[in-house]
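A quick write-up on the structure given underneath.
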Amino acid sequence: MCLAIPMKIIKIEDNLATAEISGAKYKANIDLVPDVKIGEYIIVHAGFAIEKLDEESAMETLRIWQDVADFHDNREKR
Amino acid sequence: MTIEKSDSMNYIEEYRDSKITRAILQEIFRHNKFINTNYMEICGGHTVAIFKHGLRDTLPANIKLLSGPGCPVCVTDISFIDEAIELAKKKNVIIATFGDMLRVPGSYSSLMKEKSTGADIRICYSAMDSLKIAENNPDKEVVFIGVGFETTAPAIGVTIKTAKQKRLQNFSVLSSHKTMPNAIRALLDADEVAINGFICPGHVSAITGTTMYDFVAKEYNIPCVISGFEPSDILETILMLMKQTNTGEAKVENQYTRGVKKEGNLKALEILNDVFVPIDIKWRGIGLIPSSGLGISRRYSEFDTRKKIKIDLPLPKEISGCICGEIMRGVKTPKDCTLFAKVCNPENPQGACMVSAEGSCGTYYRYMPDMKK
Ligand code: SF4
């Protein structure tokens with residue numbers, strides 16, 4: 001029950017969002033994250049969106065990792 | 001190389017890129033000082049991810065991962081299961097519950113057994129489903145079985161607030177919700193196992209924020225890193241913990257910045273603090289921990305099952321041979337249980353740790369085929 005997964009919001013009706021993951025659709029109550037918009041990613045836990053994923057932080061993490069990967073690539077080439 | 005968000009980004013695949021995980025692993029080996037180190041993952045979700053992606057086997061041999069008390073079903077005391085079972089036996093009661101609770105053995109029965117002998121037990125995907133059941137069954141009392149940590153409690157809070165708005169008279173929650181900080185304190189004070197760092201739960205922290213673990217770093221001098229759930233997340237968290245271990249530092253860091261804000265989810269915290277109050281509660285295997293549970297606040301007492309229905313409990317009887325409690329304290333692993341895969345399996349679970357998808361025994365059973373021999 002504690003498995004919370006990121007899903008993309010494709011529809012919002014009142015306090016109910018329809019969110020999607022690999023083609024499967026789920027309903028999620030958005031009372032805990034009232035300012036979410038269509039296209040954003042939410043973490044859904046037991047039928048409720050508990051937080052939305054921050055795109056900028058996500059990109060930042062991926063960028064740092066890419067640098068680490070590049071660093072090791074170059075080390076191996078040397 | 002610049003990274004831009006693409007339409008195909010889904011917040012999962014990007015964090016499983018083998019090139020990235022390999023690079024982080026190389027960093028882990030580069031920073032390894034070959035000191036024996038125990039890091040505990042508190043959250044059951046992390047335990048599952050670690051096994052599913054085989055992360056334990058990829059780490060240097062001196063770095064051990066221990067599983068902690070972070071599976072909500074597993075830490076639920078047997079007396080609470082007994083309480084739910086007694087309620088299920090009552091003629092005018094409908095039990096609404098998450099599916100995980102069904103097969104958890106109580107002292108003498110389980111909700112599953114009660115269901116098979118005629119008790120009205122309904123499985124809910126969301127707690128909100130239980131309100132519909134209450135509306136459709138006005139002459140029955142619908143009792144929602146409330147288990148879960150800070151991640152789940154706000155959702156139950158929303159459900160109770162909605163019930164109040166709808167003026168539902170036949171709905172209540174049997175709350176066994178729990179909070180993390182004092183359980184971590186109890187674990188550390190028991191001092192049964194050396195813990196050199198905590199992999200802190202990402203989704204509990206999404207609600208509570210990051211300051212909740214400050215006391216662990218300050219008072220116990222143990223590094224804490226809040227982690228996401230993908231392989232690269234967990235490996236990066238281990239790397240961050242190692243860097244702290246190597247310098248002798250102890251601070252709280254947040255690896256899961258895309259999901260966890262320093263202040264947490266303020267809206268969820270507001271609801272949690274409105275609907276619930278801290279209470280002392282029993283944890284399976286650990287015992288009574290002061291202020292580690294959530295009872296329903298006086299403002300919403302008409303939705304507190306214990307205030308509405310008198311429940312006579314049988315004397316609790318622990319399951320003989322089951323060592324779930326020690327496993328949750330990180331003292332033993334499922335490998336130490338003589339019942340594992342012999343008498344106890346997911347179809348016929350003897351203890352709560354085998355029932356839940358996030359329980360240690362269930363996870364070992366699913367992802368460690370060698371152990372079943
Ligand atoms: S294998 Fe079964 S009996 Fe043994 S500790 Fe785990 S749940 Fe309990």
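Going through the structure tokens in order, the chains are called A, B, and so on, while each chain numbers its residues from 1 and the ligands are numbered from 1 in the order shown.
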- Message: Should the cut-off be 8 Å, what would the residue list for chain B against chain A look like, counting only C-alpha atoms, as a PyMOL selection string?
- Response: chain B and resi 1-5+10-12+14-15+19-20+22-24+26+44-45+71-72+98+100+125-127+148+151-152+154-155+158+203+206-207+257-259+265+267-268+357-358
Those same residues, written as a short mmCIF file (atom, residue, chain, number, x, y, z; two decimals), in the first residue's frame with N, CA and C atoms?
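In the end it all went to selection.cif:
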```
data_model
loop_
_atom_site.label_atom_id
_atom_site.label_comp_id
_atom_site.auth_asym_id
_atom_site.auth_seq_id
_atom_site.Cartn_x
_atom_site.Cartn_y
_atom_site.Cartn_z
N MET B 1 27.26 18.21 -21.54
CA MET B 1 26.00 17.83 -22.23
C MET B 1 24.80 18.46 -21.51
N THR B 2 23.93 19.12 -22.25
CA THR B 2 22.76 19.72 -21.60
C THR B 2 21.60 18.73 -21.62
N ILE B 3 20.81 18.80 -20.58
CA ILE B 3 19.66 17.90 -20.52
C ILE B 3 18.39 18.74 -20.52
N GLU B 4 17.55 18.49 -21.48
CA GLU B 4 16.28 19.20 -21.55
C GLU B 4 15.17 18.19 -21.30
N LYS B 5 14.04 18.70 -20.83
CA LYS B 5 12.92 17.80 -20.62
C LYS B 5 12.36 17.40 -21.98
N ASN B 10 9.35 10.41 -18.14
CA ASN B 10 8.24 9.96 -17.30
C ASN B 10 8.62 9.82 -15.82
N TYR B 11 9.77 10.36 -15.45
CA TYR B 11 10.22 10.36 -14.05
C TYR B 11 10.50 8.95 -13.54
N ILE B 12 10.58 7.98 -14.43
CA ILE B 12 10.94 6.63 -14.00
C ILE B 12 12.15 6.16 -14.81
N GLU B 14 14.26 7.59 -16.72
CA GLU B 14 15.50 8.38 -16.64
C GLU B 14 16.33 7.98 -15.44
N TYR B 15 15.66 7.46 -14.42
CA TYR B 15 16.36 7.13 -13.18
C TYR B 15 16.79 5.66 -13.14
N LYS B 19 23.68 3.40 -17.70
CA LYS B 19 24.93 4.16 -17.78
C LYS B 19 25.10 5.01 -16.50
N ILE B 20 24.00 5.59 -16.08
CA ILE B 20 24.03 6.45 -14.89
C ILE B 20 24.25 5.60 -13.63
N ARG B 22 25.62 2.79 -13.33
CA ARG B 22 26.98 2.26 -13.33
C ARG B 22 27.96 3.34 -12.86
N ALA B 23 27.75 4.55 -13.36
CA ALA B 23 28.65 5.64 -12.97
C ALA B 23 28.56 5.93 -11.47
N ILE B 24 27.36 5.91 -10.92
CA ILE B 24 27.22 6.18 -9.48
C ILE B 24 27.87 5.05 -8.68
N GLN B 26 30.39 3.27 -9.64
CA GLN B 26 31.84 3.48 -9.71
C GLN B 26 32.27 4.51 -8.66
N GLY B 44 9.51 0.51 3.64
CA GLY B 44 9.29 -0.75 2.94
C GLY B 44 9.39 -0.58 1.43
N GLY B 45 9.01 0.58 0.93
CA GLY B 45 9.11 0.86 -0.50
C GLY B 45 10.57 0.80 -0.95
N CYS B 71 7.24 -0.78 7.15
CA CYS B 71 6.12 -1.36 6.43
C CYS B 71 4.91 -1.24 7.36
N PRO B 72 3.93 -0.40 7.00
CA PRO B 72 2.85 -0.09 7.94
C PRO B 72 2.04 -1.30 8.39
N PHE B 98 -7.82 -1.40 3.17
CA PHE B 98 -6.88 -1.66 2.08
C PHE B 98 -6.65 -3.18 2.04
N ASP B 100 -4.16 -5.11 1.76
CA ASP B 100 -3.03 -5.71 2.50
C ASP B 100 -3.42 -6.26 3.86
N TYR B 125 -9.58 0.85 -2.70
CA TYR B 125 -8.36 1.36 -3.34
C TYR B 125 -8.00 2.69 -2.68
N SER B 126 -9.03 3.48 -2.38
CA SER B 126 -8.84 4.75 -1.69
C SER B 126 -9.79 4.78 -0.49
N ALA B 127 -9.39 5.47 0.58
CA ALA B 127 -10.27 5.57 1.75
C ALA B 127 -11.60 6.22 1.38
N GLY B 148 -1.05 3.07 8.37
CA GLY B 148 -0.16 3.82 7.49
C GLY B 148 0.57 4.91 8.26
N THR B 151 2.49 9.45 5.33
CA THR B 151 2.09 9.51 3.92
C THR B 151 0.59 9.27 3.77
N THR B 152 0.06 8.35 4.56
CA THR B 152 -1.32 7.91 4.41
C THR B 152 -2.29 8.74 5.26
N PRO B 154 -2.76 11.91 6.05
CA PRO B 154 -3.49 13.08 5.52
C PRO B 154 -4.66 12.67 4.61
N ALA B 155 -4.49 11.58 3.86
CA ALA B 155 -5.56 11.10 2.98
C ALA B 155 -6.76 10.65 3.82
N VAL B 158 -8.47 13.76 5.00
CA VAL B 158 -9.39 14.32 3.99
C VAL B 158 -10.70 13.53 4.00
N HIS B 203 8.52 9.30 0.67
CA HIS B 203 7.15 9.79 0.60
C HIS B 203 6.59 10.21 1.95
N ALA B 206 7.89 13.64 1.94
CA ALA B 206 7.15 14.56 1.05
C ALA B 206 6.06 15.27 1.85
N ILE B 207 5.50 14.59 2.82
CA ILE B 207 4.49 15.21 3.68
C ILE B 207 5.15 16.01 4.80
N THR B 257 15.07 15.62 -4.17
CA THR B 257 14.58 17.02 -4.23
C THR B 257 13.38 17.19 -5.15
N ARG B 258 13.23 16.29 -6.12
CA ARG B 258 12.10 16.48 -7.03
C ARG B 258 10.76 16.17 -6.35
N GLY B 259 10.80 15.40 -5.25
CA GLY B 259 9.55 15.04 -4.59
C GLY B 259 9.40 15.60 -3.18
N ASN B 265 4.63 19.06 2.68
CA ASN B 265 3.37 19.47 2.06
C ASN B 265 2.51 20.14 3.13
N LYS B 267 -0.25 21.82 3.12
CA LYS B 267 -1.69 21.55 3.10
C LYS B 267 -1.98 20.22 3.82
N ALA B 268 -1.17 19.21 3.48
CA ALA B 268 -1.36 17.88 4.09
C ALA B 268 -1.10 17.94 5.59
N ALA B 357 3.20 -6.47 0.64
CA ALA B 357 4.10 -6.37 -0.50
C ALA B 357 5.41 -5.70 -0.11
N GLU B 358 5.39 -4.89 0.95
CA GLU B 358 6.62 -4.21 1.35
C GLU B 358 7.28 -4.86 2.56
#
```
- Would you list, as JSON, numbers by chain, the residues of chain A that end up in helix (DSSP H, G or I) under DSSP run on this structure's backbone? {"A": [55, 56, 57, 58, 59, 60, 61, 62, 63, 64, 65, 66, 67, 68, 69, 70, 71, 72, 73, 74, 75, 76, 77]}
- Query: Can I get the residues close to ligand 1 as a PyMOL selection string, where close means within 6 Å and we count only C-alpha atoms and all ligand atoms?
  - Reply: chain B and resi 322-324+334+337+339-340+344+349-354+361
Taking N, CA, C and O atoms for each residue, export the selection above as a PDB file, in the first residue's frame.
```
ATOM      1  N   CYS B 322       7.424 -17.004  14.772  1.00  0.00           N
ATOM      2  CA  CYS B 322       7.554 -15.846  13.872  1.00  0.00           C
ATOM      3  C   CYS B 322       8.461 -14.787  14.510  1.00  0.00           C
ATOM      4  O   CYS B 322       8.293 -14.437  15.670  1.00  0.00           O
ATOM      5  N   ILE B 323       9.437 -14.303  13.731  1.00  0.00           N
ATOM      6  CA  ILE B 323      10.380 -13.331  14.284  1.00  0.00           C
ATOM      7  C   ILE B 323      10.279 -11.964  13.594  1.00  0.00           C
ATOM      8  O   ILE B 323      11.242 -11.209  13.529  1.00  0.00           O
ATOM      9  N   CYS B 324       9.082 -11.670  13.071  1.00  0.00           N
ATOM     10  CA  CYS B 324       8.830 -10.377  12.405  1.00  0.00           C
ATOM     11  C   CYS B 324       9.380  -9.198  13.221  1.00  0.00           C
ATOM     12  O   CYS B 324       9.970  -8.279  12.665  1.00  0.00           O
ATOM     13  N   PRO B 334      14.961 -12.384   7.426  1.00  0.00           N
ATOM     14  CA  PRO B 334      14.097 -13.540   7.183  1.00  0.00           C
ATOM     15  C   PRO B 334      14.877 -14.853   7.093  1.00  0.00           C
ATOM     16  O   PRO B 334      14.333 -15.923   7.374  1.00  0.00           O
ATOM     17  N   CYS B 337      14.659 -17.053  10.109  1.00  0.00           N
ATOM     18  CA  CYS B 337      13.386 -17.631  10.550  1.00  0.00           C
ATOM     19  C   CYS B 337      13.241 -19.064  10.037  1.00  0.00           C
ATOM     20  O   CYS B 337      13.310 -19.307   8.829  1.00  0.00           O
ATOM     21  N   LEU B 339      10.650 -20.806   9.904  1.00  0.00           N
ATOM     22  CA  LEU B 339       9.381 -21.056   9.208  1.00  0.00           C
ATOM     23  C   LEU B 339       9.398 -20.567   7.755  1.00  0.00           C
ATOM     24  O   LEU B 339       8.571 -20.970   6.942  1.00  0.00           O
ATOM     25  N   PHE B 340      10.365 -19.673   7.441  1.00  0.00           N
ATOM     26  CA  PHE B 340      10.411 -19.032   6.126  1.00  0.00           C
ATOM     27  C   PHE B 340      10.396 -20.049   4.985  1.00  0.00           C
ATOM     28  O   PHE B 340      11.225 -20.960   4.947  1.00  0.00           O
ATOM     29  N   CYS B 344       5.703 -20.842   6.155  1.00  0.00           N
ATOM     30  CA  CYS B 344       5.245 -19.471   5.899  1.00  0.00           C
ATOM     31  C   CYS B 344       5.563 -19.036   4.476  1.00  0.00           C
ATOM     32  O   CYS B 344       6.715 -19.082   4.045  1.00  0.00           O
ATOM     33  N   PRO B 349       0.573 -16.954   4.984  1.00  0.00           N
ATOM     34  CA  PRO B 349       1.501 -16.186   5.816  1.00  0.00           C
ATOM     35  C   PRO B 349       1.287 -16.444   7.303  1.00  0.00           C
ATOM     36  O   PRO B 349       0.152 -16.509   7.763  1.00  0.00           O
ATOM     37  N   GLN B 350       2.386 -16.628   8.025  1.00  0.00           N
ATOM     38  CA  GLN B 350       2.292 -16.803   9.470  1.00  0.00           C
ATOM     39  C   GLN B 350       2.401 -15.455  10.178  1.00  0.00           C
ATOM     40  O   GLN B 350       1.855 -15.276  11.251  1.00  0.00           O
ATOM     41  N   GLY B 351       3.137 -14.556   9.591  1.00  0.00           N
ATOM     42  CA  GLY B 351       3.312 -13.251  10.220  1.00  0.00           C
ATOM     43  C   GLY B 351       3.044 -12.121   9.240  1.00  0.00           C
ATOM     44  O   GLY B 351       2.975 -12.341   8.024  1.00  0.00           O
ATOM     45  N   ALA B 352       2.913 -10.904   9.782  1.00  0.00           N
ATOM     46  CA  ALA B 352       2.575  -9.742   8.960  1.00  0.00           C
ATOM     47  C   ALA B 352       3.647  -9.427   7.924  1.00  0.00           C
ATOM     48  O   ALA B 352       3.348  -8.949   6.837  1.00  0.00           O
ATOM     49  N   CYS B 353       4.924  -9.714   8.248  1.00  0.00           N
ATOM     50  CA  CYS B 353       6.023  -9.375   7.317  1.00  0.00           C
ATOM     51  C   CYS B 353       5.956 -10.164   6.018  1.00  0.00           C
ATOM     52  O   CYS B 353       6.598  -9.810   5.046  1.00  0.00           O
ATOM     53  N   MET B 354       5.234 -11.292   6.022  1.00  0.00           N
ATOM     54  CA  MET B 354       5.099 -12.095   4.807  1.00  0.00           C
ATOM     55  C   MET B 354       3.885 -11.632   3.992  1.00  0.00           C
ATOM     56  O   MET B 354       3.824 -11.841   2.782  1.00  0.00           O
ATOM     57  N   CYS B 361       9.869 -10.226   4.762  1.00  0.00           N
ATOM     58  CA  CYS B 361       9.767 -11.642   4.406  1.00  0.00           C
ATOM     59  C   CYS B 361       9.143 -11.798   3.024  1.00  0.00           C
ATOM     60  O   CYS B 361       9.620 -12.600   2.214  1.00  0.00           O
TER      61      CYS B 361
END
```
- Query: If you run DSSP on the backbone, which residues of segment 136-335 of chain B are strand (DSSP E or B), as an MDAnalysis selection string?
  - Reply: chainID B and resid 141:146 171:175 177:178 197:200 224:226 252:254 276:283 287:296 304
Take the residues from that selection and write them out as a CSV table (one decimal), in the first residue's frame, keeping N, CA and C atoms.
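Wrote it out as again.csv, contents follow:
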```
chain,number,residue,atom,x,y,z
B,141,GLU,N,-23.0,0.4,10.2
B,141,GLU,CA,-21.8,1.2,10.5
B,141,GLU,C,-20.6,0.8,9.6
B,142,VAL,N,-20.1,1.7,8.9
B,142,VAL,CA,-18.9,1.4,8.1
B,142,VAL,C,-17.6,1.8,8.8
B,143,VAL,N,-16.8,0.9,9.1
B,143,VAL,CA,-15.5,1.1,9.8
B,143,VAL,C,-14.3,1.0,8.9
B,144,PHE,N,-13.6,2.1,8.7
B,144,PHE,CA,-12.4,2.1,7.9
B,144,PHE,C,-11.2,1.7,8.7
B,145,ILE,N,-10.4,0.7,8.3
B,145,ILE,CA,-9.3,0.3,9.1
B,145,ILE,C,-8.1,1.2,8.7
B,146,GLY,N,-7.7,2.1,9.6
B,146,GLY,CA,-6.7,3.1,9.3
B,146,GLY,C,-5.3,2.7,9.7
B,171,PHE,N,-20.2,6.4,9.7
B,171,PHE,CA,-18.9,6.1,9.2
B,171,PHE,C,-17.9,6.5,10.3
B,172,SER,N,-16.9,5.6,10.5
B,172,SER,CA,-15.8,5.9,11.5
B,172,SER,C,-14.5,5.2,11.1
B,173,VAL,N,-13.5,5.7,11.7
B,173,VAL,CA,-12.1,5.1,11.4
B,173,VAL,C,-11.5,4.5,12.7
B,174,LEU,N,-11.1,3.3,12.5
B,174,LEU,CA,-10.3,2.6,13.6
B,174,LEU,C,-8.8,2.9,13.3
B,175,SER,N,-8.3,3.9,14.0
B,175,SER,CA,-7.0,4.4,13.6
B,175,SER,C,-5.8,3.7,14.3
B,177,HIS,N,-2.8,4.7,12.9
B,177,HIS,CA,-1.8,5.4,12.1
B,177,HIS,C,-0.5,5.7,13.0
B,178,LYS,N,0.6,5.7,12.3
B,178,LYS,CA,1.8,5.9,13.1
B,178,LYS,C,2.7,6.9,12.5
B,197,GLY,N,23.9,5.0,9.3
B,197,GLY,CA,23.3,6.0,8.5
B,197,GLY,C,21.8,5.5,8.1
B,198,PHE,N,21.0,6.5,7.9
B,198,PHE,CA,19.6,6.1,7.5
B,198,PHE,C,19.3,6.6,6.1
B,199,ILE,N,18.7,5.6,5.4
B,199,ILE,CA,18.1,6.0,4.1
B,199,ILE,C,16.7,6.3,4.4
B,200,CYS,N,16.4,7.6,4.4
B,200,CYS,CA,15.1,8.1,5.0
B,200,CYS,C,14.0,8.0,3.9
B,224,CYS,N,21.7,11.1,7.8
B,224,CYS,CA,20.4,10.8,7.2
B,224,CYS,C,20.3,11.4,5.8
B,225,VAL,N,19.9,10.6,4.9
B,225,VAL,CA,19.6,11.1,3.5
B,225,VAL,C,18.3,10.6,3.1
B,226,ILE,N,17.4,11.6,2.7
B,226,ILE,CA,16.1,11.3,2.2
B,226,ILE,C,16.2,10.9,0.8
B,252,VAL,N,21.4,16.0,7.8
B,252,VAL,CA,20.3,15.5,7.0
B,252,VAL,C,20.4,16.1,5.6
B,253,GLU,N,20.5,15.2,4.6
B,253,GLU,CA,20.5,15.7,3.3
B,253,GLU,C,19.3,15.2,2.5
B,254,ASN,N,19.0,15.8,1.4
B,254,ASN,CA,17.8,15.4,0.7
B,254,ASN,C,18.3,15.1,-0.8
B,276,PHE,N,-5.9,14.7,13.5
B,276,PHE,CA,-5.3,13.7,14.4
B,276,PHE,C,-4.6,14.4,15.6
B,277,VAL,N,-4.4,13.6,16.6
B,277,VAL,CA,-3.5,14.0,17.7
B,277,VAL,C,-2.6,12.9,18.0
B,278,PRO,N,-1.4,13.3,18.5
B,278,PRO,CA,-0.4,12.2,18.9
B,278,PRO,C,-0.9,11.4,20.0
B,279,ILE,N,-0.7,10.0,19.9
B,279,ILE,CA,-1.1,9.1,21.0
B,279,ILE,C,0.1,8.1,21.2
B,280,ASP,N,0.1,7.5,22.4
B,280,ASP,CA,1.1,6.4,22.5
B,280,ASP,C,0.5,5.2,21.8
B,281,ILE,N,1.3,4.4,21.1
B,281,ILE,CA,0.8,3.3,20.4
B,281,ILE,C,1.8,2.1,20.4
B,282,LYS,N,1.2,0.9,20.3
B,282,LYS,CA,2.1,-0.3,20.3
B,282,LYS,C,2.5,-0.6,18.8
B,283,TRP,N,3.8,-0.9,18.7
B,283,TRP,CA,4.4,-1.4,17.5
B,283,TRP,C,4.7,-2.8,17.6
B,287,GLY,N,7.0,-2.7,20.8
B,287,GLY,CA,6.3,-2.4,22.0
B,287,GLY,C,5.7,-1.0,22.0
B,288,LEU,N,5.2,-0.5,23.1
B,288,LEU,CA,4.6,0.8,23.2
B,288,LEU,C,5.6,1.9,23.1
B,289,ILE,N,5.3,2.8,22.1
B,289,ILE,CA,6.2,3.9,21.9
B,289,ILE,C,5.4,5.2,22.2
B,290,PRO,N,5.9,6.1,23.1
B,290,PRO,CA,5.1,7.3,23.4
B,290,PRO,C,5.0,8.2,22.2
B,291,SER,N,3.8,8.8,22.0
B,291,SER,CA,3.6,9.8,21.0
B,291,SER,C,4.0,9.3,19.6
B,292,SER,N,3.8,8.1,19.3
B,292,SER,CA,4.2,7.6,17.9
B,292,SER,C,3.0,7.2,17.1
B,293,GLY,N,1.8,7.4,17.7
B,293,GLY,CA,0.6,7.1,16.9
B,293,GLY,C,-0.2,8.3,16.7
B,294,LEU,N,-1.3,8.1,15.8
B,294,LEU,CA,-2.2,9.2,15.6
B,294,LEU,C,-3.6,8.7,16.0
B,295,GLY,N,-4.2,9.4,17.0
B,295,GLY,CA,-5.6,9.2,17.3
B,295,GLY,C,-6.4,10.3,16.7
B,296,ILE,N,-7.7,10.1,16.7
B,296,ILE,CA,-8.6,11.1,16.0
B,296,ILE,C,-8.8,12.2,17.1
B,304,ASP,N,-14.6,8.5,15.4
B,304,ASP,CA,-13.6,7.6,16.0
B,304,ASP,C,-14.3,6.3,16.4
```
- Item | B:Asn137, B:Thr247, B:Ser360, B:Ser79 ranked by distance to Ile327 of chain B, top pick (using only C-alpha atoms) |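 Nearest candidate to Ile327 of chain B out of B:Asn137, B:Thr247, B:Ser360, B:Ser79: B:Ser360.
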- Query: Got a sec: who's within 9 Å of Asn196 of chain B, counting only C-alpha atoms, leaving out chain neighbours fewer than 6 positions off, as JSON, numbers by chain?
  - Reply: {"B": [37, 38, 39, 40, 221, 222, 223, 241, 245]}
- Interatomic distance between atom CA of Ile85 of chain B and atom CA of Asn273 of chain B?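 Calculated distance between atom CA of Ile85 of chain B and atom CA of Asn273 of chain B is 28.6 Å.
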- Message: With only C-alpha atoms as the counted atoms, please give the residues lying no more than 9 Å from segment 110-112 of chain B, apart from itself and same-chain residues fewer than 2 positions off, as a PyMOL selection string.
- Response: chain B and resi 81-82+84-85+88+101-108+114-117+119+121
